[in-house]
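Dropping final.csv in here (CSV, C-alpha atoms):
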chain,number,residue,atom,x,y,z
A,1,MET,CA,38.8,120.6,93.9
A,2,LEU,CA,39.9,122.2,90.7
A,3,LEU,CA,41.1,125.5,92.2
A,4,GLU,CA,44.4,125.4,94.1
A,5,ASN,CA,44.9,127.6,97.2
A,6,SER,CA,47.6,130.3,97.0
A,7,LEU,CA,50.4,128.1,98.4
A,8,ALA,CA,49.6,125.1,96.1
A,9,PHE,CA,49.4,127.4,93.1
A,10,SER,CA,52.8,128.9,93.9
A,11,HIS,CA,54.2,125.4,93.9
A,12,SER,CA,52.5,124.5,90.7
A,13,LEU,CA,53.9,127.5,88.9
A,14,LEU,CA,57.4,127.2,90.3
A,15,SER,CA,57.6,123.5,89.6
A,16,ARG,CA,57.3,124.5,85.9
A,17,HIS,CA,59.7,127.3,86.3
A,18,VAL,CA,62.7,126.1,88.3
A,19,GLN,CA,65.2,124.1,86.3
A,20,ALA,CA,68.0,121.8,87.3
A,21,GLY,CA,71.1,123.8,88.0
A,22,ASP,CA,69.3,127.0,89.0
A,23,ILE,CA,70.3,129.2,91.9
A,24,VAL,CA,67.2,130.1,93.9
A,25,VAL,CA,66.3,131.6,97.3
A,26,ASP,CA,63.8,130.8,100.0
A,27,ALA,CA,63.7,134.2,101.8
A,28,THR,CA,61.5,132.8,104.6
A,29,ALA,CA,62.7,129.3,105.5
A,30,GLY,CA,60.2,128.9,108.4
A,31,ASN,CA,59.6,125.2,108.8
A,32,GLY,CA,61.5,124.4,105.6
A,33,HIS,CA,58.6,123.3,103.3
A,34,ASP,CA,59.5,125.7,100.5
A,35,THR,CA,63.2,125.1,101.0
A,36,VAL,CA,62.7,121.3,100.5
A,37,PHE,CA,60.5,122.0,97.5
A,38,LEU,CA,63.1,124.2,95.8
A,39,ALA,CA,65.9,121.8,96.6
A,40,GLN,CA,64.1,119.1,94.8
A,41,TYR,CA,63.7,121.1,91.7
A,42,VAL,CA,67.2,122.7,91.4
A,43,GLY,CA,68.7,119.2,91.2
A,44,GLU,CA,72.2,118.0,92.2
A,45,TYR,CA,74.1,121.0,90.7
A,46,GLY,CA,71.6,123.7,91.7
A,47,GLN,CA,71.8,125.8,94.8
A,48,VAL,CA,69.2,127.0,97.3
A,49,TYR,CA,69.9,129.9,99.7
A,50,ALA,CA,67.5,129.8,102.7
A,51,PHE,CA,67.1,132.7,105.1
A,52,ASP,CA,65.6,133.0,108.5
A,53,ILE,CA,66.2,135.3,111.5
A,54,GLN,CA,65.1,132.5,113.9
A,55,GLU,CA,67.6,129.8,114.8
A,56,ILE,CA,64.7,127.4,115.5
A,57,ALA,CA,63.4,127.8,112.0
A,58,LEU,CA,66.8,127.0,110.5
A,59,GLN,CA,67.1,123.9,112.7
A,60,ARG,CA,63.7,122.6,111.6
A,61,THR,CA,64.6,123.3,108.0
A,62,GLN,CA,67.9,121.5,108.3
A,63,GLU,CA,66.1,118.4,109.8
A,64,ARG,CA,63.6,118.4,107.0
A,65,LEU,CA,66.4,118.7,104.4
A,66,GLN,CA,68.3,115.8,106.0
A,67,GLN,CA,65.3,113.6,106.1
A,68,ALA,CA,64.8,114.3,102.4
A,69,LYS,CA,68.6,113.8,101.7
A,70,LEU,CA,68.7,117.3,100.2
A,71,ALA,CA,70.9,119.2,102.7
A,72,LYS,CA,73.9,119.4,100.3
A,73,ARG,CA,71.9,121.6,97.9
A,74,VAL,CA,71.1,124.2,100.5
A,75,GLN,CA,73.0,127.0,102.2
A,76,LEU,CA,71.2,128.0,105.4
A,77,ILE,CA,71.7,131.7,106.3
A,78,HIS,CA,70.9,133.1,109.8
A,79,ALA,CA,70.2,136.7,108.7
A,80,SER,CA,67.4,139.0,107.7
A,81,HIS,CA,66.2,138.6,104.1
A,82,ALA,CA,66.5,142.4,103.9
A,83,ASP,CA,70.2,141.6,103.6
A,84,LEU,CA,69.7,139.2,100.7
A,85,ALA,CA,72.2,140.9,98.4
A,86,GLU,CA,75.1,140.4,100.9
A,87,TYR,CA,74.8,136.6,100.6
A,88,VAL,CA,73.3,135.8,97.2
A,89,PRO,CA,74.9,136.3,93.7
A,90,PRO,CA,72.9,138.0,90.9
A,91,ASN,CA,71.0,136.3,88.1
A,92,ILE,CA,68.9,134.0,90.3
A,93,ALA,CA,65.9,132.2,88.9
A,94,THR,CA,63.4,132.5,91.8
A,95,VAL,CA,62.9,134.0,95.3
A,96,MET,CA,60.1,132.6,97.4
A,97,PHE,CA,58.5,134.5,100.3
A,98,ASN,CA,56.0,133.3,102.8
A,99,PHE,CA,55.2,136.1,105.1
A,100,GLY,CA,53.8,136.1,108.6
A,101,TYR,CA,55.0,134.2,111.6
A,102,LEU,CA,56.7,130.8,112.1
A,103,PRO,CA,53.9,128.1,112.3
A,104,GLY,CA,54.2,126.7,115.8
A,105,GLY,CA,56.6,129.5,116.8
A,106,ASP,CA,56.3,132.8,118.5
A,107,LYS,CA,53.5,134.8,116.9
A,108,GLN,CA,55.1,138.0,118.0
A,109,LEU,CA,58.1,137.3,115.7
A,110,SER,CA,56.2,138.1,112.5
A,111,THR,CA,57.8,139.5,109.4
A,112,GLN,CA,57.8,143.3,109.4
A,113,THR,CA,56.6,145.5,106.6
A,114,HIS,CA,59.8,147.6,106.4
A,115,SER,CA,62.2,144.6,106.1
A,116,SER,CA,59.7,142.7,103.9
A,117,LEU,CA,59.7,145.5,101.3
A,118,ALA,CA,63.4,145.9,101.5
A,119,ALA,CA,63.8,142.2,100.8
A,120,LEU,CA,61.3,142.2,97.9
A,121,GLN,CA,63.1,145.1,96.3
A,122,SER,CA,66.5,143.4,96.7
A,123,ALA,CA,65.0,140.2,95.3
A,124,LEU,CA,63.8,141.9,92.1
A,125,LYS,CA,67.3,143.3,91.6
A,126,LEU,CA,69.0,139.9,92.0
A,127,LEU,CA,66.5,138.1,89.6
A,128,ALA,CA,67.6,137.1,86.1
A,129,VAL,CA,65.4,138.3,83.3
A,130,GLY,CA,62.6,135.8,83.1
A,131,GLY,CA,63.0,135.1,86.8
A,132,VAL,CA,60.1,135.2,89.3
A,133,VAL,CA,59.5,136.3,92.8
A,134,SER,CA,56.5,134.6,94.6
A,135,ALA,CA,55.1,136.0,97.8
A,136,VAL,CA,52.3,134.6,100.0
A,137,LEU,CA,50.6,137.4,102.0
A,138,TYR,CA,48.3,136.9,105.1
A,139,PRO,CA,45.8,139.8,105.1
A,140,GLY,CA,43.7,137.8,107.6
A,141,HIS,CA,46.3,137.9,110.4
A,142,PHE,CA,46.4,140.8,112.9
A,143,ALA,CA,50.0,141.6,111.9
A,144,GLY,CA,49.7,140.6,108.3
A,145,ALA,CA,47.0,143.0,107.3
A,146,ALA,CA,49.1,146.1,107.2
A,147,GLU,CA,52.1,144.3,105.7
A,148,SER,CA,49.8,142.8,103.0
A,149,ALA,CA,48.4,146.2,102.1
A,150,ALA,CA,51.8,147.7,101.9
A,151,VAL,CA,53.2,145.0,99.7
A,152,LEU,CA,50.2,145.1,97.4
A,153,GLN,CA,50.5,148.8,97.0
A,154,TRP,CA,54.2,148.5,96.3
A,155,ALA,CA,53.6,145.8,93.7
A,156,GLN,CA,50.8,147.7,91.9
A,157,ASN,CA,53.3,150.5,91.3
A,158,LEU,CA,56.1,148.3,89.7
A,159,PRO,CA,56.7,149.5,86.1
A,160,GLN,CA,54.8,147.3,83.7
A,161,GLN,CA,57.7,147.5,81.1
A,162,ALA,CA,59.9,145.7,83.5
A,163,PHE,CA,57.6,143.4,85.6
A,164,SER,CA,54.4,141.5,85.3
A,165,VAL,CA,52.6,141.4,88.7
A,166,LEU,CA,50.0,138.7,89.1
A,167,GLN,CA,47.6,138.6,92.0
A,168,TYR,CA,45.9,135.3,92.8
A,169,GLY,CA,43.4,134.6,95.6
A,170,PHE,CA,40.0,133.7,96.8
A,171,ILE,CA,37.7,136.7,97.4
A,172,ASN,CA,34.6,135.3,99.0
A,173,GLN,CA,36.0,134.0,102.3
A,174,ARG,CA,35.2,135.7,105.6
A,175,ASN,CA,38.7,135.1,107.1
A,176,GLN,CA,40.6,136.5,104.2
A,177,PRO,CA,42.8,133.6,103.0
A,178,PRO,CA,46.4,134.1,101.9
A,179,ILE,CA,47.0,136.1,98.7
A,180,LEU,CA,49.7,135.0,96.2
A,181,LEU,CA,51.7,137.6,94.4
A,182,VAL,CA,54.0,136.5,91.5
A,183,ILE,CA,56.3,139.0,89.9
A,184,GLU,CA,58.0,138.1,86.7
A,185,LYS,CA,61.0,140.1,85.5
A,186,LEU,CA,60.6,141.1,81.9
A,187,ARG,CA,63.8,143.1,81.3
A,188,CYS,CA,66.9,144.5,83.1
A,189,THR,CA,66.2,147.3,85.5
B,1,MET,CA,56.7,134.1,79.9
B,2,LEU,CA,55.7,132.0,82.9
B,3,LEU,CA,52.6,133.9,83.8
B,4,GLU,CA,49.6,133.4,81.6
B,5,ASN,CA,47.1,136.2,80.9
B,6,SER,CA,43.5,135.7,82.2
B,7,LEU,CA,42.2,134.2,79.0
B,8,ALA,CA,45.1,131.7,78.7
B,9,PHE,CA,44.8,130.8,82.3
B,10,SER,CA,41.1,130.1,82.0
B,11,HIS,CA,41.8,127.7,79.1
B,12,SER,CA,44.6,126.0,81.1
B,13,LEU,CA,42.3,125.4,84.0
B,14,LEU,CA,39.3,124.2,82.0
B,15,SER,CA,41.5,121.9,79.8
B,16,ARG,CA,42.1,120.0,83.1
B,17,HIS,CA,38.5,120.2,84.1
B,18,VAL,CA,36.3,119.4,81.1
B,19,GLN,CA,36.0,115.7,80.4
B,20,ALA,CA,34.8,113.7,77.4
B,21,GLY,CA,31.1,113.4,77.5
B,22,ASP,CA,30.5,116.6,79.6
B,23,ILE,CA,27.7,119.1,78.9
B,24,VAL,CA,29.0,122.6,78.9
B,25,VAL,CA,28.0,126.1,78.0
B,26,ASP,CA,29.7,129.0,76.2
B,27,ALA,CA,27.5,131.9,77.4
B,28,THR,CA,29.1,134.4,75.1
B,29,ALA,CA,29.9,132.8,71.8
B,30,GLY,CA,31.4,135.9,70.2
B,31,ASN,CA,33.8,134.9,67.5
B,32,GLY,CA,33.6,131.3,68.7
B,33,HIS,CA,37.1,130.8,70.2
B,34,ASP,CA,35.8,129.5,73.5
B,35,THR,CA,33.1,127.4,71.7
B,36,VAL,CA,35.7,125.6,69.6
B,37,PHE,CA,37.9,125.1,72.7
B,38,LEU,CA,35.0,123.6,74.7
B,39,ALA,CA,34.0,121.4,71.7
B,40,GLN,CA,37.4,119.9,71.5
B,41,TYR,CA,37.4,118.9,75.2
B,42,VAL,CA,33.8,117.5,75.5
B,43,GLY,CA,34.7,114.9,72.8
B,44,GLU,CA,32.4,113.1,70.4
B,45,TYR,CA,29.6,112.3,73.0
B,46,GLY,CA,29.7,115.6,74.8
B,47,GLN,CA,27.6,118.7,74.1
B,48,VAL,CA,28.3,122.4,74.0
B,49,TYR,CA,25.5,125.0,74.2
B,50,ALA,CA,26.7,128.3,72.8
B,51,PHE,CA,24.7,131.6,73.3
B,52,ASP,CA,24.8,134.9,71.6
B,53,ILE,CA,22.2,137.6,71.0
B,54,GLN,CA,24.0,138.7,67.8
B,55,GLU,CA,23.3,136.7,64.6
B,56,ILE,CA,26.7,137.6,63.2
B,57,ALA,CA,28.5,136.1,66.2
B,58,LEU,CA,26.7,132.8,65.8
B,59,GLN,CA,27.6,132.8,62.1
B,60,ARG,CA,31.3,133.3,62.8
B,61,THR,CA,31.1,130.7,65.5
B,62,GLN,CA,29.5,128.2,63.1
B,63,GLU,CA,32.2,128.9,60.5
B,64,ARG,CA,34.9,128.3,63.0
B,65,LEU,CA,33.3,125.1,64.2
B,66,GLN,CA,32.9,123.8,60.6
B,67,GLN,CA,36.6,124.5,59.9
B,68,ALA,CA,37.5,122.5,63.0
B,69,LYS,CA,35.0,119.8,62.1
B,70,LEU,CA,33.4,120.2,65.5
B,71,ALA,CA,29.9,121.6,64.6
B,72,LYS,CA,28.1,118.4,65.5
B,73,ARG,CA,29.0,118.8,69.1
B,74,VAL,CA,27.6,122.3,69.5
B,75,GLN,CA,24.1,123.7,69.7
B,76,LEU,CA,24.0,127.4,68.8
B,77,ILE,CA,21.3,129.4,70.5
B,78,HIS,CA,20.2,132.8,69.4
B,79,ALA,CA,19.1,134.1,72.8
B,80,SER,CA,20.3,136.1,75.8
B,81,HIS,CA,22.4,134.1,78.3
B,82,ALA,CA,20.1,135.5,80.9
B,83,ASP,CA,17.7,132.8,79.6
B,84,LEU,CA,20.2,130.0,80.0
B,85,ALA,CA,17.9,127.9,82.1
B,86,GLU,CA,15.3,127.7,79.3
B,87,TYR,CA,17.7,125.9,77.0
B,88,VAL,CA,20.2,124.0,79.1
B,89,PRO,CA,19.6,121.0,81.3
B,90,PRO,CA,21.0,121.0,84.9
B,91,ASN,CA,24.2,119.3,86.1
B,92,ILE,CA,26.5,120.9,83.6
B,93,ALA,CA,30.3,120.9,84.1
B,94,THR,CA,31.3,124.4,83.0
B,95,VAL,CA,29.9,127.7,81.9
B,96,MET,CA,32.3,130.1,80.2
B,97,PHE,CA,31.7,133.9,80.0
B,98,ASN,CA,33.8,136.4,78.2
B,99,PHE,CA,32.1,139.8,78.8
B,100,GLY,CA,32.3,143.0,76.8
B,101,TYR,CA,31.6,143.5,73.1
B,102,LEU,CA,32.1,141.3,70.0
B,103,PRO,CA,35.7,141.8,68.7
B,104,GLY,CA,35.4,143.4,65.3
B,105,GLY,CA,31.7,144.1,65.9
B,106,ASP,CA,29.5,147.0,67.2
B,107,LYS,CA,31.1,148.3,70.4
B,108,GLN,CA,27.7,149.6,71.5
B,109,LEU,CA,26.4,146.1,71.8
B,110,SER,CA,28.3,145.3,74.9
B,111,THR,CA,27.1,142.8,77.6
B,112,GLN,CA,24.9,144.6,80.2
B,113,THR,CA,25.4,144.3,83.9
B,114,HIS,CA,21.8,143.4,84.6
B,115,SER,CA,21.6,140.4,82.2
B,116,SER,CA,25.2,139.4,82.9
B,117,LEU,CA,24.4,139.0,86.6
B,118,ALA,CA,21.2,137.2,85.8
B,119,ALA,CA,23.2,134.8,83.6
B,120,LEU,CA,25.8,134.2,86.2
B,121,GLN,CA,23.3,133.4,88.8
B,122,SER,CA,21.5,131.1,86.4
B,123,ALA,CA,24.8,129.4,85.6
B,124,LEU,CA,25.6,128.6,89.2
B,125,LYS,CA,22.2,127.0,89.6
B,126,LEU,CA,22.7,124.8,86.6
B,127,LEU,CA,26.2,123.7,87.6
B,128,ALA,CA,26.9,120.2,88.9
B,129,VAL,CA,28.7,120.0,92.3
B,130,GLY,CA,32.4,120.3,91.3
B,131,GLY,CA,31.5,122.3,88.3
B,132,VAL,CA,33.0,125.7,87.5
B,133,VAL,CA,32.0,129.0,86.0
B,134,SER,CA,34.8,131.1,84.4
B,135,ALA,CA,34.2,134.8,83.6
B,136,VAL,CA,36.6,137.2,81.9
B,137,LEU,CA,35.9,140.8,82.9
B,138,TYR,CA,37.1,144.0,81.2
B,139,PRO,CA,37.5,146.7,83.8
B,140,GLY,CA,39.6,148.8,81.3
B,141,HIS,CA,36.7,149.3,78.8
B,142,PHE,CA,34.3,152.2,79.1
B,143,ALA,CA,31.3,149.9,79.4
B,144,GLY,CA,33.1,147.1,81.1
B,145,ALA,CA,34.2,149.1,84.2
B,146,ALA,CA,30.8,149.3,85.9
B,147,GLU,CA,29.9,145.7,84.8
B,148,SER,CA,33.2,144.4,86.2
B,149,ALA,CA,32.7,146.1,89.5
B,150,ALA,CA,29.2,144.8,89.8
B,151,VAL,CA,30.2,141.2,89.0
B,152,LEU,CA,33.2,141.3,91.5
B,153,GLN,CA,30.9,142.6,94.2
B,154,TRP,CA,28.3,139.9,93.5
B,155,ALA,CA,31.0,137.2,93.5
B,156,GLN,CA,32.6,138.4,96.8
B,157,ASN,CA,29.3,137.8,98.5
B,158,LEU,CA,28.7,134.3,97.3
B,159,PRO,CA,28.5,132.0,100.4
B,160,GLN,CA,31.9,130.3,101.0
B,161,GLN,CA,30.3,127.1,102.1
B,162,ALA,CA,28.8,126.6,98.6
B,163,PHE,CA,31.3,128.3,96.3
B,164,SER,CA,35.0,129.1,96.0
B,165,VAL,CA,35.6,132.3,94.1
B,166,LEU,CA,39.1,132.8,92.6
B,167,GLN,CA,40.3,136.2,91.3
B,168,TYR,CA,43.2,136.1,88.9
B,169,GLY,CA,44.8,139.1,87.1
B,170,PHE,CA,47.7,141.5,86.6
B,171,ILE,CA,47.7,144.5,89.0
B,172,ASN,CA,50.4,146.7,87.8
B,173,GLN,CA,49.2,147.6,84.3
B,174,ARG,CA,48.0,151.1,83.4
B,175,ASN,CA,45.2,150.0,81.0
B,176,GLN,CA,43.6,147.5,83.5
B,177,PRO,CA,43.9,144.2,81.7
B,178,PRO,CA,41.1,141.6,81.9
B,179,ILE,CA,40.4,139.9,85.2
B,180,LEU,CA,39.5,136.3,85.4
B,181,LEU,CA,36.9,135.0,88.0
B,182,VAL,CA,36.5,131.3,88.5
B,183,ILE,CA,33.7,130.0,90.7
B,184,GLU,CA,33.8,126.4,91.8
B,185,LYS,CA,30.5,124.9,93.1
B,186,LEU,CA,31.3,123.0,96.4
B,187,ARG,CA,27.8,121.7,97.3
B,188,CYS,CA,24.2,121.9,96.3
B,189,THR,CA,22.4,125.2,96.8
Whole structure, structure tokens version:
Amino acid sequence: MLLENSLAFSHSLLSRHVQAGDIVVDATAGNGHDTVFLAQYVGEYGQVYAFDIQEIALQRTQERLQQAKLAKRVQLIHASHADLAEYVPPNIATVMFNFGYLPGGDKQLSTQTHSSLAALQSALKLLAVGGVVSAVLYPGHFAGAAESAAVLQWAQNLPQQAFSVLQYGFINQRNQPPILLVIEKLRCT
Amino acid sequence: MLLENSLAFSHSLLSRHVQAGDIVVDATAGNGHDTVFLAQYVGEYGQVYAFDIQEIALQRTQERLQQAKLAKRVQLIHASHADLAEYVPPNIATVMFNFGYLPGGDKQLSTQTHSSLAALQSALKLLAVGGVVSAVLYPGHFAGAAESAAVLQWAQNLPQQAFSVLQYGFINQRNQPPILLVIEKLRCT
């Protein structure tokens, strides 16, 4: 298949973007897949901050990092990504979001529109110029539909002088597959 | 800039897709940029069919091909892309569309929704399994808005068992930049 799904395309893009030594954020650690991906690309002297409000998610992420021998590059933070700015220094290269609920976890504990928007806004402030935020949205989930609509509306209204907002996704599937948003910071805000 | 615009992303994708020896189509030759691009990738034993209804477009394309020493790989066809199937054999790898009017030409001579949809439908039939159609739409042009809406609606209704339809574009720009559609054929129809 030539066309990558939203998750795979976000990894393709960020594998070209993240450099050795970068400071980056996984705002939704979940099962740790994105955390491990980022830890690989920041190299020995880079740093990943990984957030989750669920202890079980951080445990799974830690296990995955240890298996990959990448735990030293990652700081796990048991807090809401809405509080990003309290833990992360400015001028970061990338913030990854993967909204929705923890796969294999409690589906009631989904990300919430209010804190998701707060976290995205905070992420844009912390980004270096040339940095990118990637966000996978789940319009096909019962809880994800409203959140996705709100995030898309917010993103459409970002000033084009300061940000490029790319939307990537498949449009002919009945169960509304994940949509990828990528926001590139063009200048200081 | 990390994020490519729609035109650049279509070239990135197709440069990974088109193979030496392939038979491919530029359904809207225009000034010949896509024709030259395709001719480079099909190699010495491949074949490009390039369509335009404007003689001036085919002349410009021919000049560009001669400059690039690629004219032997291309058959220029002075006909509507709605009649694709009369000129092109089945099992082709790619059909590229770049809708709208000829840059530097008569803006009244824009592509028309009716023939654009006919051409797209014909292109999907001629594609080999695994083949792709790419189409750049111009929702920000006076004539392109209705055409873009019609093409998007048509594409959203393609059966997901047979086609993946990707939409790629920037969503926070006031002048509605070009949208890229890429349709990958998954099985025989």
Could you please tell me, as an NGL selection string, which residues of chain B have an atom within 9 Å of chain A when using all atoms listed in the file? :B and (1-3 or 13-14 or 16-17 or 130-132 or 152 or 155-161 or 163-174 or 182-184 or 186)
At a cut-off of 10 Å, using all atoms listed in the file, what residues contact Glu147 (chain B)? Leave out same-chain residues fewer than 5 positions from it and give the result as JSON, numbers by chain. {"B": [99, 100, 111, 112, 113, 114, 116, 117, 137, 138, 139, 141, 142, 152, 153]}
Selection export as a short mmCIF file (atom, residue, chain, number, x, y, z; two decimals), in the coordinates of the input, atoms kept: C-alpha atoms:
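File produced: out.cif:
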data_model
loop_
_atom_site.label_atom_id
_atom_site.label_comp_id
_atom_site.auth_asym_id
_atom_site.auth_seq_id
_atom_site.Cartn_x
_atom_site.Cartn_y
_atom_site.Cartn_z
CA PHE B 99 32.10 139.80 78.80
CA GLY B 100 32.30 143.00 76.80
CA THR B 111 27.10 142.80 77.60
CA GLN B 112 24.90 144.60 80.20
CA THR B 113 25.40 144.30 83.90
CA HIS B 114 21.80 143.40 84.60
CA SER B 116 25.20 139.40 82.90
CA LEU B 117 24.40 139.00 86.60
CA LEU B 137 35.90 140.80 82.90
CA TYR B 138 37.10 144.00 81.20
CA PRO B 139 37.50 146.70 83.80
CA HIS B 141 36.70 149.30 78.80
CA PHE B 142 34.30 152.20 79.10
CA LEU B 152 33.20 141.30 91.50
CA GLN B 153 30.90 142.60 94.20
#
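For the set A:Pro178, A:Gly21, A:Gly30, A:Gly46, the residue with the smallest atom-to-atom gap to Asp106 (chain A) is A:Gly30, counting only C-alpha atoms.
Using all atoms listed in the file, the smallest distance between any of B:Lys125, B:His11, B:Arg60, B:Arg187 and Pro89 (chain B) comes from B:Lys125.
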Give me the residues near Ser80 (chain B) as a PyMOL selection string, where near means some atom within 7 Å (using all atoms listed in the file) and where sequence neighbours in that chain fewer than 4 positions away do not count. chain B and resi 51-53
If you count all atoms listed in the file, which residues fall within 9 Å of Cys188 (chain B), apart from same-chain ones fewer than 5 positions away, as a PyMOL selection string? chain B and resi 125+128-129+162
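Minimum atom-to-atom distances from A:Tyr45, A:Val24, A:Ala145, A:His81 to Leu127 (chain A) were compared using all atoms listed in the file, and the lowest value belongs to A:Val24.
Pairwise distance (CA of Ser15 (chain B), CA of Phe9 (chain A)) equals 16.4 Å.
Between CA of Glu44 (chain B) and CA of Thr94 (chain B) lies a distance of 17.0 Å.
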Measuring between only C-alpha atoms, which one of A:Ser12, A:Val151, A:Ala29, A:Ala123 shows the shortest distance to Glu86 (chain A)? A:Ala123
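Proximity to Gly43 (chain B) at 10 Å, evaluated using all atoms listed in the file and with sequence-adjacent residues fewer than 5 positions away removed, yields Val18, Gln19, Ala20, Gly21, Asp22, Leu38, Val48, Leu70 and Arg73 of chain B.
Put simply, CA of Thr189 (chain B) is 16.3 Å away from CA of Ala118 (chain B).
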(69.8, 126.7, 103.4) in this file's frame - what residues fall within 6 Å of it? Use only C-alpha atoms and give the answer as JSON, numbers by chain. {"A": [49, 50, 74, 75, 76]}
May I have the residues within 8 Å of Ala119 (chain A) as an MDAnalysis selection string, using only C-alpha atoms and disregarding those fewer than 5 positions away in the same chain? chainID A and resid 81:84
Go ahead and save the residues from that selection, with C-alpha atoms, as a CSV table (one decimal), in the frame of the given file.
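Contents of result_35.csv, as written:
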chain,number,residue,atom,x,y,z
A,81,HIS,CA,66.2,138.6,104.1
A,82,ALA,CA,66.5,142.4,103.9
A,83,ASP,CA,70.2,141.6,103.6
A,84,LEU,CA,69.7,139.2,100.7
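The closest residue to Ile23 (chain A), picked from A:Ile92, A:Ile56, A:Leu120, A:Ala39 and counting only C-alpha atoms, is A:Ile92.
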Pick the closest to Ser122 (chain A) from A:Gln108, A:Asn91, A:Ala85, A:Gln66: which is it, counting only C-alpha atoms? A:Ala85
